[in-house]
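The file run35.cif contains mmCIF, N, CA and C atoms:
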data_protein
#
loop_
_atom_site.label_atom_id
_atom_site.label_comp_id
_atom_site.auth_asym_id
_atom_site.auth_seq_id
_atom_site.Cartn_x
_atom_site.Cartn_y
_atom_site.Cartn_z
N MET A 99 148.10 184.10 38.92
CA MET A 99 148.77 183.20 39.82
C MET A 99 147.77 182.29 40.53
N LEU A 100 146.63 182.85 40.89
CA LEU A 100 145.60 182.06 41.55
C LEU A 100 145.07 180.99 40.61
N ARG A 101 144.94 181.33 39.35
CA ARG A 101 144.44 180.36 38.37
C ARG A 101 145.41 179.17 38.24
N ILE A 102 146.70 179.44 38.22
CA ILE A 102 147.70 178.37 38.12
C ILE A 102 147.68 177.51 39.38
N THR A 103 147.56 178.15 40.53
CA THR A 103 147.51 177.41 41.79
C THR A 103 146.29 176.49 41.83
N LEU A 104 145.16 177.00 41.44
CA LEU A 104 143.94 176.18 41.41
C LEU A 104 144.04 175.08 40.37
N ALA A 105 144.68 175.36 39.24
CA ALA A 105 144.85 174.35 38.20
C ALA A 105 145.72 173.20 38.69
N VAL A 106 146.82 173.52 39.35
CA VAL A 106 147.70 172.49 39.89
C VAL A 106 146.98 171.68 40.96
N ALA A 107 146.25 172.37 41.83
CA ALA A 107 145.50 171.66 42.88
C ALA A 107 144.45 170.74 42.27
N ALA A 108 143.75 171.20 41.25
CA ALA A 108 142.72 170.38 40.62
C ALA A 108 143.34 169.17 39.92
N GLY A 109 144.41 169.38 39.18
CA GLY A 109 145.06 168.27 38.50
C GLY A 109 145.59 167.24 39.47
N PHE A 110 146.23 167.70 40.55
CA PHE A 110 146.79 166.79 41.54
C PHE A 110 145.67 166.04 42.27
N LEU A 111 144.59 166.74 42.60
CA LEU A 111 143.48 166.11 43.31
C LEU A 111 142.79 165.05 42.44
N ILE A 112 142.53 165.38 41.18
CA ILE A 112 141.91 164.43 40.27
C ILE A 112 142.80 163.20 40.12
N MET A 113 144.07 163.43 39.94
CA MET A 113 145.02 162.33 39.79
C MET A 113 145.04 161.46 41.04
N SER A 114 145.10 162.08 42.20
CA SER A 114 145.18 161.34 43.46
C SER A 114 143.94 160.51 43.72
N VAL A 115 142.77 161.08 43.47
CA VAL A 115 141.52 160.35 43.69
C VAL A 115 141.45 159.15 42.75
N PHE A 116 141.78 159.35 41.49
CA PHE A 116 141.76 158.24 40.53
C PHE A 116 142.76 157.14 40.90
N VAL A 117 143.96 157.54 41.32
CA VAL A 117 144.99 156.55 41.67
C VAL A 117 144.57 155.73 42.89
N ILE A 118 144.06 156.39 43.91
CA ILE A 118 143.66 155.67 45.11
C ILE A 118 142.47 154.75 44.83
N ALA A 119 141.49 155.24 44.09
CA ALA A 119 140.33 154.40 43.76
C ALA A 119 140.73 153.20 42.92
N THR A 120 141.64 153.41 41.99
CA THR A 120 142.10 152.31 41.15
C THR A 120 142.91 151.30 41.95
N GLN A 121 143.73 151.79 42.86
CA GLN A 121 144.51 150.88 43.69
C GLN A 121 143.60 149.99 44.52
N VAL A 122 142.59 150.57 45.13
CA VAL A 122 141.65 149.78 45.92
C VAL A 122 140.93 148.77 45.04
N ALA A 123 140.50 149.20 43.85
CA ALA A 123 139.79 148.30 42.94
C ALA A 123 140.71 147.18 42.45
N LEU A 124 141.95 147.51 42.11
CA LEU A 124 142.89 146.48 41.66
C LEU A 124 143.11 145.44 42.74
N LEU A 125 143.35 145.91 43.96
CA LEU A 125 143.62 144.97 45.05
C LEU A 125 142.39 144.12 45.38
N ARG A 126 141.24 144.73 45.41
CA ARG A 126 140.05 144.01 45.83
C ARG A 126 139.51 143.08 44.75
N TYR A 127 139.40 143.55 43.53
CA TYR A 127 138.70 142.77 42.51
C TYR A 127 139.61 141.97 41.59
N LEU A 128 140.80 142.47 41.31
CA LEU A 128 141.67 141.77 40.37
C LEU A 128 142.64 140.83 41.09
N PHE A 129 143.16 141.27 42.23
CA PHE A 129 144.13 140.46 42.95
C PHE A 129 143.56 139.83 44.22
N HIS A 130 142.30 140.09 44.52
CA HIS A 130 141.57 139.46 45.63
C HIS A 130 142.30 139.57 46.96
N THR A 131 142.81 140.76 47.25
CA THR A 131 143.44 141.04 48.54
C THR A 131 142.86 142.33 49.08
N ALA A 132 143.14 142.59 50.33
CA ALA A 132 142.64 143.82 50.96
C ALA A 132 143.71 144.91 50.87
N PRO A 133 143.29 146.17 50.76
CA PRO A 133 144.28 147.25 50.80
C PRO A 133 145.03 147.22 52.13
N GLY A 134 146.31 147.46 52.06
CA GLY A 134 147.13 147.43 53.26
C GLY A 134 147.85 146.11 53.47
N VAL A 135 147.67 145.17 52.54
CA VAL A 135 148.35 143.88 52.64
C VAL A 135 149.85 144.07 52.41
N ASP A 136 150.64 143.17 52.94
CA ASP A 136 152.09 143.26 52.77
C ASP A 136 152.45 143.24 51.29
N VAL A 137 153.27 144.18 50.89
CA VAL A 137 153.63 144.34 49.49
C VAL A 137 154.40 143.12 48.97
N ASP A 138 155.11 142.44 49.85
CA ASP A 138 155.88 141.27 49.42
C ASP A 138 154.98 140.14 48.93
N LEU A 139 153.72 140.16 49.32
CA LEU A 139 152.79 139.11 48.91
C LEU A 139 152.13 139.38 47.57
N LEU A 140 152.33 140.57 47.03
CA LEU A 140 151.68 140.93 45.76
C LEU A 140 152.51 140.42 44.58
N PRO A 141 151.84 139.95 43.53
CA PRO A 141 152.57 139.48 42.35
C PRO A 141 153.13 140.66 41.53
N PRO A 142 154.14 140.39 40.71
CA PRO A 142 154.71 141.45 39.86
C PRO A 142 153.69 142.08 38.91
N ALA A 143 152.66 141.33 38.55
CA ALA A 143 151.63 141.87 37.65
C ALA A 143 150.91 143.06 38.30
N TYR A 144 150.81 143.06 39.62
CA TYR A 144 150.19 144.19 40.30
C TYR A 144 150.99 145.46 40.06
N PHE A 145 152.31 145.38 40.22
CA PHE A 145 153.16 146.56 40.05
C PHE A 145 153.12 147.06 38.61
N LEU A 146 153.06 146.14 37.66
CA LEU A 146 152.96 146.54 36.26
C LEU A 146 151.64 147.25 35.98
N ALA A 147 150.53 146.64 36.42
CA ALA A 147 149.21 147.23 36.19
C ALA A 147 149.08 148.58 36.89
N TYR A 148 149.53 148.64 38.13
CA TYR A 148 149.42 149.87 38.90
C TYR A 148 150.31 150.98 38.31
N GLY A 149 151.48 150.62 37.82
CA GLY A 149 152.37 151.60 37.19
C GLY A 149 151.78 152.17 35.92
N VAL A 150 151.19 151.30 35.10
CA VAL A 150 150.57 151.76 33.85
C VAL A 150 149.40 152.69 34.14
N VAL A 151 148.59 152.33 35.12
CA VAL A 151 147.44 153.15 35.49
C VAL A 151 147.90 154.50 36.02
N ARG A 152 148.96 154.51 36.81
CA ARG A 152 149.46 155.77 37.34
C ARG A 152 149.98 156.68 36.23
N MET A 153 150.58 156.10 35.20
CA MET A 153 151.06 156.92 34.07
C MET A 153 149.87 157.50 33.30
N LEU A 154 148.83 156.69 33.12
CA LEU A 154 147.63 157.18 32.45
C LEU A 154 147.01 158.35 33.22
N TYR A 155 146.95 158.21 34.52
CA TYR A 155 146.38 159.28 35.33
C TYR A 155 147.31 160.50 35.40
N ALA A 156 148.60 160.30 35.22
CA ALA A 156 149.53 161.44 35.14
C ALA A 156 149.25 162.25 33.88
N VAL A 157 148.94 161.55 32.78
CA VAL A 157 148.57 162.25 31.54
C VAL A 157 147.29 163.06 31.76
N ILE A 158 146.31 162.44 32.38
CA ILE A 158 145.04 163.14 32.64
C ILE A 158 145.28 164.34 33.56
N GLY A 159 146.06 164.16 34.62
CA GLY A 159 146.34 165.26 35.54
C GLY A 159 147.08 166.40 34.86
N GLY A 160 148.05 166.07 34.01
CA GLY A 160 148.78 167.11 33.28
C GLY A 160 147.88 167.88 32.33
N CYS A 161 147.00 167.17 31.65
CA CYS A 161 146.09 167.83 30.70
C CYS A 161 145.06 168.69 31.43
N VAL A 162 144.52 168.20 32.54
CA VAL A 162 143.57 169.00 33.32
C VAL A 162 144.24 170.27 33.85
N THR A 163 145.45 170.11 34.34
CA THR A 163 146.19 171.27 34.86
C THR A 163 146.45 172.29 33.76
N ALA A 164 146.86 171.82 32.59
CA ALA A 164 147.13 172.73 31.48
C ALA A 164 145.85 173.39 30.98
N ALA A 165 144.76 172.63 30.93
CA ALA A 165 143.49 173.19 30.44
C ALA A 165 142.97 174.29 31.37
N ILE A 166 143.13 174.11 32.66
CA ILE A 166 142.64 175.12 33.61
C ILE A 166 143.64 176.27 33.72
N GLY A 167 144.93 175.95 33.82
CA GLY A 167 145.95 176.98 34.03
C GLY A 167 146.24 177.83 32.82
N LYS A 168 146.17 177.24 31.63
CA LYS A 168 146.38 177.92 30.34
C LYS A 168 147.75 178.58 30.19
N LYS A 169 148.71 178.19 31.02
CA LYS A 169 150.08 178.67 30.90
C LYS A 169 151.00 177.49 31.09
N TYR A 170 152.21 177.60 30.56
CA TYR A 170 153.16 176.50 30.61
C TYR A 170 153.68 176.24 32.03
N GLU A 171 153.54 177.21 32.89
CA GLU A 171 154.01 177.02 34.27
C GLU A 171 153.17 176.00 35.02
N ALA A 172 151.89 175.87 34.68
CA ALA A 172 150.99 174.99 35.43
C ALA A 172 151.43 173.53 35.39
N PRO A 173 151.65 172.92 34.21
CA PRO A 173 152.10 171.53 34.23
C PRO A 173 153.52 171.36 34.78
N THR A 174 154.34 172.39 34.66
CA THR A 174 155.68 172.33 35.24
C THR A 174 155.60 172.26 36.76
N ILE A 175 154.74 173.07 37.34
CA ILE A 175 154.56 173.06 38.79
C ILE A 175 153.95 171.74 39.23
N LEU A 176 153.00 171.21 38.46
CA LEU A 176 152.42 169.90 38.79
C LEU A 176 153.50 168.82 38.78
N GLY A 177 154.35 168.82 37.78
CA GLY A 177 155.44 167.84 37.72
C GLY A 177 156.38 167.98 38.91
N ALA A 178 156.69 169.21 39.30
CA ALA A 178 157.56 169.43 40.46
C ALA A 178 156.88 168.97 41.75
N LEU A 179 155.59 169.21 41.85
CA LEU A 179 154.83 168.74 43.02
C LEU A 179 154.82 167.21 43.08
N MET A 180 154.62 166.59 41.93
CA MET A 180 154.63 165.12 41.89
C MET A 180 156.00 164.57 42.25
N LEU A 181 157.04 165.22 41.77
CA LEU A 181 158.40 164.78 42.08
C LEU A 181 158.70 164.96 43.56
N GLY A 182 158.29 166.07 44.13
CA GLY A 182 158.47 166.29 45.57
C GLY A 182 157.70 165.29 46.41
N THR A 183 156.49 164.98 45.99
CA THR A 183 155.68 163.98 46.68
C THR A 183 156.34 162.61 46.59
N ALA A 184 156.87 162.28 45.43
CA ALA A 184 157.54 160.99 45.25
C ALA A 184 158.79 160.89 46.12
N ILE A 185 159.55 161.97 46.20
CA ILE A 185 160.75 161.97 47.05
C ILE A 185 160.36 161.83 48.51
N GLY A 186 159.33 162.54 48.94
CA GLY A 186 158.85 162.41 50.31
C GLY A 186 158.36 161.01 50.62
N SER A 187 157.64 160.42 49.69
CA SER A 187 157.17 159.05 49.87
C SER A 187 158.32 158.06 49.90
N LEU A 188 159.34 158.33 49.11
CA LEU A 188 160.52 157.46 49.08
C LEU A 188 161.28 157.54 50.40
N VAL A 189 161.39 158.73 50.95
CA VAL A 189 162.10 158.89 52.22
C VAL A 189 161.35 158.20 53.35
N VAL A 190 160.05 158.39 53.39
CA VAL A 190 159.24 157.79 54.45
C VAL A 190 158.98 156.32 54.15
N ASN A 191 158.72 155.99 52.89
CA ASN A 191 158.44 154.63 52.39
C ASN A 191 157.40 153.90 53.22
N ARG A 192 156.29 154.55 53.45
CA ARG A 192 155.20 153.92 54.21
C ARG A 192 154.39 152.96 53.36
N SER A 193 154.44 153.13 52.06
CA SER A 193 153.64 152.24 51.22
C SER A 193 154.28 150.88 51.07
N GLY A 194 155.57 150.75 51.39
CA GLY A 194 156.24 149.47 51.34
C GLY A 194 156.63 149.02 49.94
N GLU A 195 156.52 149.90 48.96
CA GLU A 195 156.89 149.54 47.60
C GLU A 195 158.40 149.34 47.52
N PRO A 196 158.86 148.53 46.58
CA PRO A 196 160.30 148.42 46.38
C PRO A 196 160.88 149.79 46.00
N VAL A 197 162.09 150.05 46.42
CA VAL A 197 162.70 151.37 46.20
C VAL A 197 162.81 151.68 44.71
N TRP A 198 163.22 150.71 43.90
CA TRP A 198 163.37 150.96 42.46
C TRP A 198 162.04 151.35 41.84
N TYR A 199 160.96 150.73 42.32
CA TYR A 199 159.63 151.01 41.78
C TYR A 199 159.19 152.42 42.16
N ALA A 200 159.40 152.80 43.41
CA ALA A 200 159.00 154.13 43.87
C ALA A 200 159.77 155.22 43.12
N VAL A 201 161.06 154.99 42.89
CA VAL A 201 161.87 155.97 42.16
C VAL A 201 161.41 156.07 40.71
N LEU A 202 161.24 154.93 40.07
CA LEU A 202 160.87 154.90 38.65
C LEU A 202 159.50 155.52 38.40
N VAL A 203 158.51 155.11 39.17
CA VAL A 203 157.15 155.62 38.95
C VAL A 203 157.07 157.10 39.29
N GLY A 204 157.74 157.53 40.35
CA GLY A 204 157.70 158.95 40.71
C GLY A 204 158.36 159.84 39.68
N LEU A 205 159.52 159.44 39.21
CA LEU A 205 160.24 160.24 38.22
C LEU A 205 159.53 160.24 36.87
N VAL A 206 159.15 159.08 36.40
CA VAL A 206 158.48 158.99 35.10
C VAL A 206 157.11 159.67 35.15
N GLY A 207 156.39 159.51 36.26
CA GLY A 207 155.08 160.16 36.40
C GLY A 207 155.17 161.67 36.32
N ALA A 208 156.18 162.25 36.97
CA ALA A 208 156.35 163.70 36.92
C ALA A 208 156.67 164.17 35.51
N ILE A 209 157.51 163.43 34.82
CA ILE A 209 157.87 163.79 33.44
C ILE A 209 156.65 163.65 32.52
N VAL A 210 155.92 162.56 32.68
CA VAL A 210 154.74 162.31 31.83
C VAL A 210 153.69 163.40 32.03
N ALA A 211 153.43 163.77 33.26
CA ALA A 211 152.42 164.81 33.52
C ALA A 211 152.83 166.15 32.91
N THR A 212 154.11 166.49 33.04
CA THR A 212 154.60 167.76 32.49
C THR A 212 154.53 167.76 30.96
N VAL A 213 154.98 166.69 30.35
CA VAL A 213 154.96 166.60 28.89
C VAL A 213 153.53 166.59 28.36
N ALA A 214 152.63 165.88 29.04
CA ALA A 214 151.23 165.86 28.61
C ALA A 214 150.61 167.26 28.68
N GLY A 215 150.94 167.99 29.73
CA GLY A 215 150.44 169.37 29.84
C GLY A 215 151.00 170.26 28.75
N TYR A 216 152.29 170.09 28.44
CA TYR A 216 152.89 170.88 27.36
C TYR A 216 152.24 170.55 26.03
N ARG A 217 152.00 169.27 25.79
CA ARG A 217 151.35 168.87 24.53
C ARG A 217 149.94 169.46 24.46
N TRP A 218 149.24 169.48 25.58
CA TRP A 218 147.89 170.04 25.61
C TRP A 218 147.93 171.52 25.21
N LEU A 219 148.94 172.23 25.67
CA LEU A 219 149.06 173.65 25.37
C LEU A 219 149.70 173.93 24.02
N GLY A 220 150.17 172.88 23.35
CA GLY A 220 150.76 173.07 22.03
C GLY A 220 152.22 173.44 22.05
N ARG A 221 152.89 173.26 23.17
CA ARG A 221 154.30 173.63 23.22
C ARG A 221 155.18 172.58 22.52
N LEU A 222 154.81 171.32 22.60
CA LEU A 222 155.55 170.27 21.92
C LEU A 222 154.83 169.88 20.65
N PRO A 223 155.53 169.70 19.56
CA PRO A 223 154.87 169.28 18.32
C PRO A 223 154.41 167.83 18.44
N ALA A 224 153.48 167.46 17.62
CA ALA A 224 152.94 166.10 17.66
C ALA A 224 153.99 165.08 17.23
N GLU A 225 154.86 165.46 16.31
CA GLU A 225 155.91 164.55 15.83
C GLU A 225 157.26 165.09 16.30
N VAL A 226 157.72 164.58 17.41
CA VAL A 226 158.94 165.09 18.02
C VAL A 226 160.17 164.63 17.25
N GLY A 227 160.14 163.42 16.69
CA GLY A 227 161.33 162.84 16.06
C GLY A 227 161.71 163.43 14.71
N ARG A 228 160.94 164.27 14.12
CA ARG A 228 161.23 164.76 12.78
C ARG A 228 161.80 166.14 12.78
#

Structure translated into structure tokens:
Amino acid sequence: MLRITLAVAAGFLIMSVFVIATQVALLRYLFHTAPGVDVDLLPPAYFLAYGVVRMLYAVIGGCVTAAIGKKYEAPTILGALMLGTAIGSLVVNRSGEPVWYAVLVGLVGAIVATVAGYRWLGRLPAEVGR
């Protein structure tokens, strides 16, 4: 149980650090604005780029969690934690993101992290459609 807890914490921490660092870098270097700027002033390309990056980091977080936890419960718990965090962020909405974006990225991110962890552990076959 301790191993799964540490695996989920490590995956979530790695994902969070990467997401925050990428957000700061995107805003500062690609969109030439400061972090904390009004979201209404950001172009739609920012939301697309940031969403894609968050999905990539969800895959990394799911794989790290599965690699450390070595059980199927670890990525499932990570996905549930991500979903709970997304719901909490949606209720508080301090980031100022559009509601549809917060719902979509939170839900898809939790699913992506869980599926990536399952694939890492070999629970899902490589060719799902056949």

Handout entry: Within 8 Å of Tyr155 (chain A) using only C-alpha atoms, minus same-chain residues under 2 positions, as an MDAnalysis selection string
Key = chainID A and resid 113 116:117 151:153 157:159

Practice task
Would you work out the distance separating CA of Ser187 (chain A) from atom C of Thr163 (chain A), expressed in Å to one decimal?
Solution key: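 Distance reported for this atom pair: 23.4 Å.
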
Translate the PyMOL selection byres (((chain A and resi 134-142 and name CA) around 12) and name CA) into a concrete residue list for this structure, as a PDB file with N, CA and C atoms, keeping the file's coordinate frame.
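What follows is the written file part_33.pdb:
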ATOM      1  N   GLN A 121     143.730 151.790  42.860  1.00  0.00           N
ATOM      2  CA  GLN A 121     144.510 150.880  43.690  1.00  0.00           C
ATOM      3  C   GLN A 121     143.600 149.990  44.520  1.00  0.00           C
ATOM      4  N   VAL A 122     142.590 150.570  45.130  1.00  0.00           N
ATOM      5  CA  VAL A 122     141.650 149.780  45.920  1.00  0.00           C
ATOM      6  C   VAL A 122     140.930 148.770  45.040  1.00  0.00           C
ATOM      7  N   LEU A 124     141.950 147.510  42.110  1.00  0.00           N
ATOM      8  CA  LEU A 124     142.890 146.480  41.660  1.00  0.00           C
ATOM      9  C   LEU A 124     143.110 145.440  42.740  1.00  0.00           C
ATOM     10  N   LEU A 125     143.350 145.910  43.960  1.00  0.00           N
ATOM     11  CA  LEU A 125     143.620 144.970  45.050  1.00  0.00           C
ATOM     12  C   LEU A 125     142.390 144.120  45.380  1.00  0.00           C
ATOM     13  N   ARG A 126     141.240 144.730  45.410  1.00  0.00           N
ATOM     14  CA  ARG A 126     140.050 144.010  45.830  1.00  0.00           C
ATOM     15  C   ARG A 126     139.510 143.080  44.750  1.00  0.00           C
ATOM     16  N   LEU A 128     140.800 142.470  41.310  1.00  0.00           N
ATOM     17  CA  LEU A 128     141.670 141.770  40.370  1.00  0.00           C
ATOM     18  C   LEU A 128     142.640 140.830  41.090  1.00  0.00           C
ATOM     19  N   PHE A 129     143.160 141.270  42.230  1.00  0.00           N
ATOM     20  CA  PHE A 129     144.130 140.460  42.950  1.00  0.00           C
ATOM     21  C   PHE A 129     143.560 139.830  44.220  1.00  0.00           C
ATOM     22  N   HIS A 130     142.300 140.090  44.520  1.00  0.00           N
ATOM     23  CA  HIS A 130     141.570 139.460  45.630  1.00  0.00           C
ATOM     24  C   HIS A 130     142.300 139.570  46.960  1.00  0.00           C
ATOM     25  N   THR A 131     142.810 140.760  47.250  1.00  0.00           N
ATOM     26  CA  THR A 131     143.440 141.040  48.540  1.00  0.00           C
ATOM     27  C   THR A 131     142.860 142.330  49.080  1.00  0.00           C
ATOM     28  N   ALA A 132     143.140 142.590  50.330  1.00  0.00           N
ATOM     29  CA  ALA A 132     142.640 143.820  50.960  1.00  0.00           C
ATOM     30  C   ALA A 132     143.710 144.910  50.870  1.00  0.00           C
ATOM     31  N   PRO A 133     143.290 146.170  50.760  1.00  0.00           N
ATOM     32  CA  PRO A 133     144.280 147.250  50.800  1.00  0.00           C
ATOM     33  C   PRO A 133     145.030 147.220  52.130  1.00  0.00           C
ATOM     34  N   ALA A 143     152.660 141.330  38.550  1.00  0.00           N
ATOM     35  CA  ALA A 143     151.630 141.870  37.650  1.00  0.00           C
ATOM     36  C   ALA A 143     150.910 143.060  38.300  1.00  0.00           C
ATOM     37  N   TYR A 144     150.810 143.060  39.620  1.00  0.00           N
ATOM     38  CA  TYR A 144     150.190 144.190  40.300  1.00  0.00           C
ATOM     39  C   TYR A 144     150.990 145.460  40.060  1.00  0.00           C
ATOM     40  N   PHE A 145     152.310 145.380  40.220  1.00  0.00           N
ATOM     41  CA  PHE A 145     153.160 146.560  40.050  1.00  0.00           C
ATOM     42  C   PHE A 145     153.120 147.060  38.610  1.00  0.00           C
ATOM     43  N   LEU A 146     153.060 146.140  37.660  1.00  0.00           N
ATOM     44  CA  LEU A 146     152.960 146.540  36.260  1.00  0.00           C
ATOM     45  C   LEU A 146     151.640 147.250  35.980  1.00  0.00           C
ATOM     46  N   ALA A 147     150.530 146.640  36.420  1.00  0.00           N
ATOM     47  CA  ALA A 147     149.210 147.230  36.190  1.00  0.00           C
ATOM     48  C   ALA A 147     149.080 148.580  36.890  1.00  0.00           C
ATOM     49  N   TYR A 148     149.530 148.640  38.130  1.00  0.00           N
ATOM     50  CA  TYR A 148     149.420 149.870  38.900  1.00  0.00           C
ATOM     51  C   TYR A 148     150.310 150.980  38.310  1.00  0.00           C
ATOM     52  N   GLY A 149     151.480 150.620  37.820  1.00  0.00           N
ATOM     53  CA  GLY A 149     152.370 151.600  37.190  1.00  0.00           C
ATOM     54  C   GLY A 149     151.780 152.170  35.920  1.00  0.00           C
ATOM     55  N   ASN A 191     158.720 155.990  52.890  1.00  0.00           N
ATOM     56  CA  ASN A 191     158.440 154.630  52.390  1.00  0.00           C
ATOM     57  C   ASN A 191     157.400 153.900  53.220  1.00  0.00           C
ATOM     58  N   ARG A 192     156.290 154.550  53.450  1.00  0.00           N
ATOM     59  CA  ARG A 192     155.200 153.920  54.210  1.00  0.00           C
ATOM     60  C   ARG A 192     154.390 152.960  53.360  1.00  0.00           C
ATOM     61  N   SER A 193     154.440 153.130  52.060  1.00  0.00           N
ATOM     62  CA  SER A 193     153.640 152.240  51.220  1.00  0.00           C
ATOM     63  C   SER A 193     154.280 150.880  51.070  1.00  0.00           C
ATOM     64  N   GLY A 194     155.570 150.750  51.390  1.00  0.00           N
ATOM     65  CA  GLY A 194     156.240 149.470  51.340  1.00  0.00           C
ATOM     66  C   GLY A 194     156.630 149.020  49.940  1.00  0.00           C
ATOM     67  N   GLU A 195     156.520 149.900  48.960  1.00  0.00           N
ATOM     68  CA  GLU A 195     156.890 149.540  47.600  1.00  0.00           C
ATOM     69  C   GLU A 195     158.400 149.340  47.520  1.00  0.00           C
ATOM     70  N   PRO A 196     158.860 148.530  46.580  1.00  0.00           N
ATOM     71  CA  PRO A 196     160.300 148.420  46.380  1.00  0.00           C
ATOM     72  C   PRO A 196     160.880 149.790  46.000  1.00  0.00           C
ATOM     73  N   VAL A 197     162.090 150.050  46.420  1.00  0.00           N
ATOM     74  CA  VAL A 197     162.700 151.370  46.200  1.00  0.00           C
ATOM     75  C   VAL A 197     162.810 151.680  44.710  1.00  0.00           C
ATOM     76  N   TYR A 199     160.960 150.730  42.320  1.00  0.00           N
ATOM     77  CA  TYR A 199     159.630 151.010  41.780  1.00  0.00           C
ATOM     78  C   TYR A 199     159.190 152.420  42.160  1.00  0.00           C
TER      79      TYR A 199
END

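Minimum atom-to-atom distances from A:Leu181, A:Ala172, A:Ala208, A:Ala119 to Thr103 (chain A) were compared using all atoms listed in the file, and the lowest value belongs to A:Ala172.
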
Fill in the blank from the handout: CA of Gly167 (chain A) to CA of Thr120 (chain A) measures 26.0 Å

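Atom N of Val201 (chain A) is positioned 20.2 Å from atom N of Leu111 (chain A).
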
Practice task
Point out the residue among A:Trp218, A:Ala107, A:Leu100, A:Val210 with the least atom-to-atom distance to Ala165 (chain A), counting all atoms listed in the file.
Solution key: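 Ranked by minimum distance to Ala165 (chain A), first place goes to A:Trp218.
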
Exercise for the section: Name the closest residue to Val162 (chain A) among the candidates A:Leu176, A:Val115, A:Ile209, A:Val189; distances are taken between atoms, counting only C-alpha atoms. Expected result: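 Comparing A:Leu176, A:Val115, A:Ile209, A:Val189 against Val162 (chain A), the winner is A:Leu176.
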
Practice task
Check the smallest atom-to-atom distance from each of A:Cys161, A:Met180, A:Met99, A:Leu219 to Gly207 (chain A) using all atoms listed in the file, then report the winner.
Solution key: A:Met180
